[in-house]
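Asks: This is the structure, below, for whatever I ask next.
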Amino acid sequence: MSDVKKTPLHAIHQALGAKMVPFAGYDMPLQYSGIIHEHNAVRTAAGLFDVSHMGEFLVSGPGAKRFVDSLVTNDVTSLYDGKALYTAMCQDDGGIIDDLLVYRFGSEMYVLVVNASRKDVDMAWIEQHAPPDVSVRDVSDETALLALQGPRAFDIFEKASGTNFSDLKFYHFERPAECLGSKHLLVSRTGYTGETGVEVYCPSEEAASIWTKLMDAGREFGLLPAGLGARDTLRLEAGFCLYGNDLTVETNPLEAGLGWLTKLEAGPFVGRDALRRVKESGPARKLIGFIAEERGIPRAGNELLAPSGEAVGVVTSGSQSPTLSKGVGLGYVENRPEFTTPGSLLQVSARGRSTAVKVTRPPFHVKRTES
């Protein structure tokens, strides 16, 4: 464990009795009071996550806008100051290097927020492509990130800070002059749970103070500290992809259902030509969501079978949904209507046992009329 990194909140996690696990090179809290307990708190009240292991890269210089736009699939030129977007960064063949957020601070300054497990790969790729008029700096170690998520998130934040951010639009951010005792806060209307809330970026040395203020303010609202376990079940119920499972260099955005962030007609970006060819021919496979029709928990790596028993795909993410008390999952199948249309029946095969599942469009936890 000597070479495992610690976030600025590590001592707090230990004091709270969190079960710690190694994740992406960091010693991270898996759970505090229990994954299901924390999951349900986020769905009904609020949860506070330490996601300071994520990477933040500052890209600046006269050519910053053009450069960032050339790196990612979404249209960076559509951004304005205070706006963020979700996007993917691809190889020349269209394979996904990472999925990430891009924040615009000005035409010459952007921050890229990348997955912890991909920081080194991402930085090497970005530096390899950076032109002389652009500077790229890794500010991950000096930046902490807290995610306050759930239906009571804005009530808690207002009580803690005296500032109401409930009018902040989705994928927008503000940098208040002073908030929660800090003059260096960034409050972003983003998250990874399928619930409303904010992500709070701050200097690492201020993280413990801000965590404590939010937890103190949230006590009356049912706020709980939440770990990686609940973060995973929450994002899966919401149908959000996880890099390393649902997204890899072996997958492309079009087959992963991320065509909405792949702007092929905007400016050129790495991988665009390959993705144009995929769009023209149609992806050979497609990422689907599904809910178990009988008792059984799908797991990554399980085979997906047609009703005939023919193998047609593989599960990439799977778990028991605490909200539904049913197994849910994501997986790639052959891109044929009988396997991808909502309502279609498939089977998940594991250890010689098959479980019937129904193809269902995420999010899974939201009430719907869809069959």
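Ligands are numbered from 1 in the order shown, chains are lettered A, B, ... in the order of the structure tokens, and residues start at 1 in each chain.
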Could you pull the residues within 7 Å of range 174-181 of chain A, counting only C-alpha atoms, minus those fewer than 5 positions along the same chain, as a list of chain:residue names?
Replies: A:Gly82, A:Ala160, A:Ser161, A:Leu186, A:Val187, A:Ser188, A:Ile210
Asks: At a cut-off of 10 Å, using only C-alpha atoms, what residues contact Ser354 in chain A? Leave out same-chain residues fewer than 6 positions from it and give the result as number ranges by chain.
Replies: A: 294, 296, 298, 302-305, 309, 346-348
Asks: For the residues in that selection, give me C-alpha atoms as a compact mmCIF listing (two decimals), in the first residue's frame.
Replies:
```
# COMPACT_ATOMS: atom_id res chain seq x y z
CA GLU A 294 -36.46 -13.46 -12.74
CA GLY A 296 -30.50 -13.42 -10.78
CA PRO A 298 -25.95 -10.16 -14.04
CA ASN A 302 -21.56 -12.97 -18.50
CA GLU A 303 -22.76 -14.03 -21.94
CA LEU A 304 -25.92 -12.57 -23.44
CA LEU A 305 -27.95 -15.17 -25.31
CA GLY A 309 -29.59 -20.03 -26.73
CA LEU A 346 -32.69 -12.23 -23.94
CA GLN A 347 -30.89 -14.44 -21.44
CA VAL A 348 -27.86 -13.86 -19.25
```
Asks: Which one of A:Glu293, A:Glu142, A:Asp133, A:Glu338 sits closest to Lys65 in chain A if you count only C-alpha atoms?
Replies: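 Comparing A:Glu293, A:Glu142, A:Asp133, A:Glu338 against Lys65 in chain A, the winner is A:Asp133.
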Asks: As a PyMOL selection string, please: the residues near Val72 in chain A (cut-off 9 Å, only C-alpha atoms, same-chain neighbours under 2 positions excluded).
Replies: chain A and resi 68-70+74-76+87-90+262+269-271
Asks: Between A:Ala45, A:Ser349, A:Ile291, A:Thr341, which is the closest to Glu310 in chain A once you count only C-alpha atoms?
Replies: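 Among the listed residues, A:Ser349 lies closest to Glu310 in chain A.
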Asks: Tell me which of A:Val312, A:Ala300, A:Met215, A:Leu85 sits closest to His172 in chain A, counting only C-alpha atoms.
Replies: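 Selected residue with least distance to His172 in chain A: A:Leu85.
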Asks: Determine, counting only C-alpha atoms, which protein, DNA and RNA residues have an atom within 9 Å of an atom of range 277-285 of chain A; residues of the same chain fewer than 4 positions away are not included. Present the result as a list of chain:residue names.
Replies: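 Neighbouring residues, sequence-local ones excluded: A:Gly94, A:Asn252, A:Leu254, A:Glu255, A:Ala256, A:Arg272, A:Asp273, A:Gly313, A:Tyr332, A:Val333, A:Glu334, A:Asn335, A:Arg336.
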Asks: Go through A:Ile96, A:Ala226, A:Leu145, A:Ala15 one by one, measure the shortest atom-to-atom distance of each to Glu205 in chain A using only C-alpha atoms, and give the residue with the smallest value.
Replies: A:Leu145
Asks: A:Ile288, A:Ala311, A:Met54, A:Ile97: which is nearest Asn115 in chain A, counting only C-alpha atoms?
Replies: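 Once distances to Asn115 in chain A are computed over only C-alpha atoms, the minimum belongs to A:Met54.
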Asks: Using DSSP on the backbone, list every residue of range 165-340 of chain A that comes out as alpha helix (DSSP H), and give them as a PyMOL selection string.
Replies: chain A and resi 207-218+228-238+272-281+337-340
Asks: Take the residues just selected and output them with C-alpha atoms as a compact mmCIF listing (two decimals), in the first residue's frame.
Replies:
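Printed below is again35.txt as written:
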```txt
# COMPACT_ATOMS: atom_id res chain seq x y z
CA ALA A 207 -11.40 19.91 0.98
CA ALA A 208 -11.68 18.73 4.59
CA SER A 209 -13.25 22.00 5.74
CA ILE A 210 -15.79 22.01 2.90
CA TRP A 211 -16.67 18.34 3.45
CA THR A 212 -17.31 19.01 7.14
CA LYS A 213 -19.49 22.05 6.46
CA LEU A 214 -21.62 20.16 3.97
CA MET A 215 -22.00 17.14 6.25
CA ASP A 216 -22.94 19.34 9.22
CA ALA A 217 -25.51 21.22 7.16
CA GLY A 218 -26.91 18.03 5.67
CA LEU A 228 -17.60 3.88 -4.65
CA GLY A 229 -20.06 1.02 -4.20
CA ALA A 230 -23.12 3.27 -4.19
CA ARG A 231 -21.61 5.43 -6.91
CA ASP A 232 -21.49 2.36 -9.15
CA THR A 233 -25.04 1.12 -8.47
CA LEU A 234 -26.40 4.65 -8.87
CA ARG A 235 -24.69 5.25 -12.21
CA LEU A 236 -25.79 1.82 -13.45
CA GLU A 237 -29.44 2.49 -12.59
CA ALA A 238 -29.09 5.77 -14.48
CA ARG A 272 -13.68 11.36 -37.12
CA ASP A 273 -12.95 9.62 -40.42
CA ALA A 274 -13.16 6.18 -38.79
CA LEU A 275 -16.42 7.08 -37.06
CA ARG A 276 -17.89 8.35 -40.32
CA ARG A 277 -17.24 4.94 -41.81
CA VAL A 278 -18.90 3.26 -38.84
CA LYS A 279 -21.95 5.49 -39.23
CA GLU A 280 -22.19 4.80 -42.95
CA SER A 281 -22.04 1.01 -42.53
CA PRO A 337 -33.66 -5.28 -33.95
CA GLU A 338 -34.64 -8.54 -32.26
CA PHE A 339 -31.78 -8.04 -29.78
CA THR A 340 -31.83 -4.25 -29.34
```
Asks: Would you compute the distance between CA of Leu224 in chain A and CA of Ile36 in chain A? Give it in Å to one decimal.
Replies: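 The value is 11.8 Å.
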Asks: Could you go through range 185-274 of chain A and tell me which residues DSSP, when run on the backbone, assigns to strand (DSSP E or B), listing them as a CSV table (one decimal) with N, CA and C atoms, in the first residue's frame?
Replies:
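And here's out_4.csv as it stands now:
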```csv
chain,number,residue,atom,x,y,z
A,186,LEU,N,-15.4,26.1,-7.4
A,186,LEU,CA,-16.1,26.0,-8.7
A,186,LEU,C,-17.3,25.1,-8.4
A,187,VAL,N,-18.5,25.5,-8.6
A,187,VAL,CA,-19.7,24.8,-8.4
A,187,VAL,C,-20.3,24.4,-9.7
A,188,SER,N,-20.4,23.1,-10.0
A,188,SER,CA,-20.8,22.6,-11.3
A,188,SER,C,-22.1,21.8,-11.2
A,197,GLY,N,-28.0,17.7,-8.3
A,197,GLY,CA,-26.9,18.0,-7.4
A,197,GLY,C,-25.8,18.8,-8.0
A,198,VAL,N,-24.7,18.9,-7.3
A,198,VAL,CA,-23.5,19.6,-7.8
A,198,VAL,C,-22.3,18.9,-7.5
A,199,GLU,N,-21.3,19.2,-8.3
A,199,GLU,CA,-19.9,18.8,-8.1
A,199,GLU,C,-19.1,20.0,-7.7
A,200,VAL,N,-18.3,19.9,-6.7
A,200,VAL,CA,-17.6,21.1,-6.1
A,200,VAL,C,-16.1,20.9,-6.2
A,201,TYR,N,-15.5,21.7,-7.0
A,201,TYR,CA,-14.0,21.7,-7.2
A,201,TYR,C,-13.4,22.7,-6.2
A,202,CYS,N,-12.3,22.3,-5.5
A,202,CYS,CA,-11.7,23.3,-4.6
A,202,CYS,C,-10.2,22.9,-4.4
A,203,PRO,N,-9.4,23.8,-3.9
A,203,PRO,CA,-8.0,23.5,-3.6
A,203,PRO,C,-8.0,22.3,-2.6
A,223,LEU,N,-28.5,13.6,4.9
A,223,LEU,CA,-27.2,13.4,4.1
A,223,LEU,C,-26.3,12.3,4.7
A,224,LEU,N,-25.8,11.5,3.8
A,224,LEU,CA,-24.9,10.4,4.2
A,224,LEU,C,-23.6,10.5,3.4
A,225,PRO,N,-22.5,10.2,4.0
A,225,PRO,CA,-21.3,10.0,3.1
A,225,PRO,C,-21.5,8.8,2.3
A,226,ALA,N,-21.1,8.8,1.0
A,226,ALA,CA,-21.3,7.7,0.1
A,226,ALA,C,-20.0,7.3,-0.6
A,243,TYR,N,-16.0,3.7,-17.8
A,243,TYR,CA,-14.8,3.4,-18.6
A,243,TYR,C,-14.1,2.2,-18.0
A,247,LEU,N,-17.0,1.2,-21.8
A,247,LEU,CA,-16.2,2.0,-22.7
A,247,LEU,C,-14.8,1.6,-22.6
```
Asks: Kindly indicate which residue among A:Leu71, A:Leu101, A:Glu158, A:Pro29 lies nearest to Glu127 in chain A, using only C-alpha atoms for the distances.
Replies: A:Leu71
Asks: How far is it from CA of Val359 in chain A to CA of Lys286 in chain A, in Å with one decimal?
Replies: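 About the pair CA of Val359 in chain A and CA of Lys286 in chain A: they are 11.9 Å apart.
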Asks: Would you mind listing what lies within 12 Å of Arg66 in chain A as a short mmCIF file (atom, residue, chain, number, x, y, z; two decimals) with C-alpha atoms, in the first residue's frame, with only C-alpha atoms counted and same-chain residues fewer than 5 positions away left out?
Replies:
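Output saved as part11.cif:
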```cif
data_model
loop_
_atom_site.label_atom_id
_atom_site.label_comp_id
_atom_site.auth_asym_id
_atom_site.auth_seq_id
_atom_site.Cartn_x
_atom_site.Cartn_y
_atom_site.Cartn_z
CA VAL A 59 -5.27 23.54 -21.24
CA SER A 60 -4.41 27.15 -22.07
CA GLY A 61 -2.95 29.35 -24.78
CA LEU A 71 -9.18 16.11 -29.46
CA VAL A 72 -12.79 15.27 -28.62
CA ASP A 75 -18.40 20.42 -30.44
CA VAL A 76 -16.17 22.49 -28.15
CA THR A 77 -16.81 25.60 -30.27
CA SER A 78 -20.40 25.56 -28.96
CA SER A 107 -11.40 31.05 -25.38
CA GLU A 108 -7.83 30.41 -24.24
CA MET A 109 -8.50 28.34 -21.12
CA TYR A 110 -10.24 24.98 -20.67
CA HIS A 129 -0.91 16.14 -29.99
CA ALA A 130 -0.48 19.56 -28.36
CA PRO A 131 0.71 22.36 -30.71
CA ASP A 133 0.84 27.60 -28.80
CA VAL A 134 -0.89 25.45 -26.18
CA ALA A 266 -18.47 19.86 -36.78
CA GLY A 267 -14.75 20.57 -36.91
CA PRO A 268 -12.26 17.74 -37.54
CA PHE A 269 -11.20 15.64 -34.56
#
```
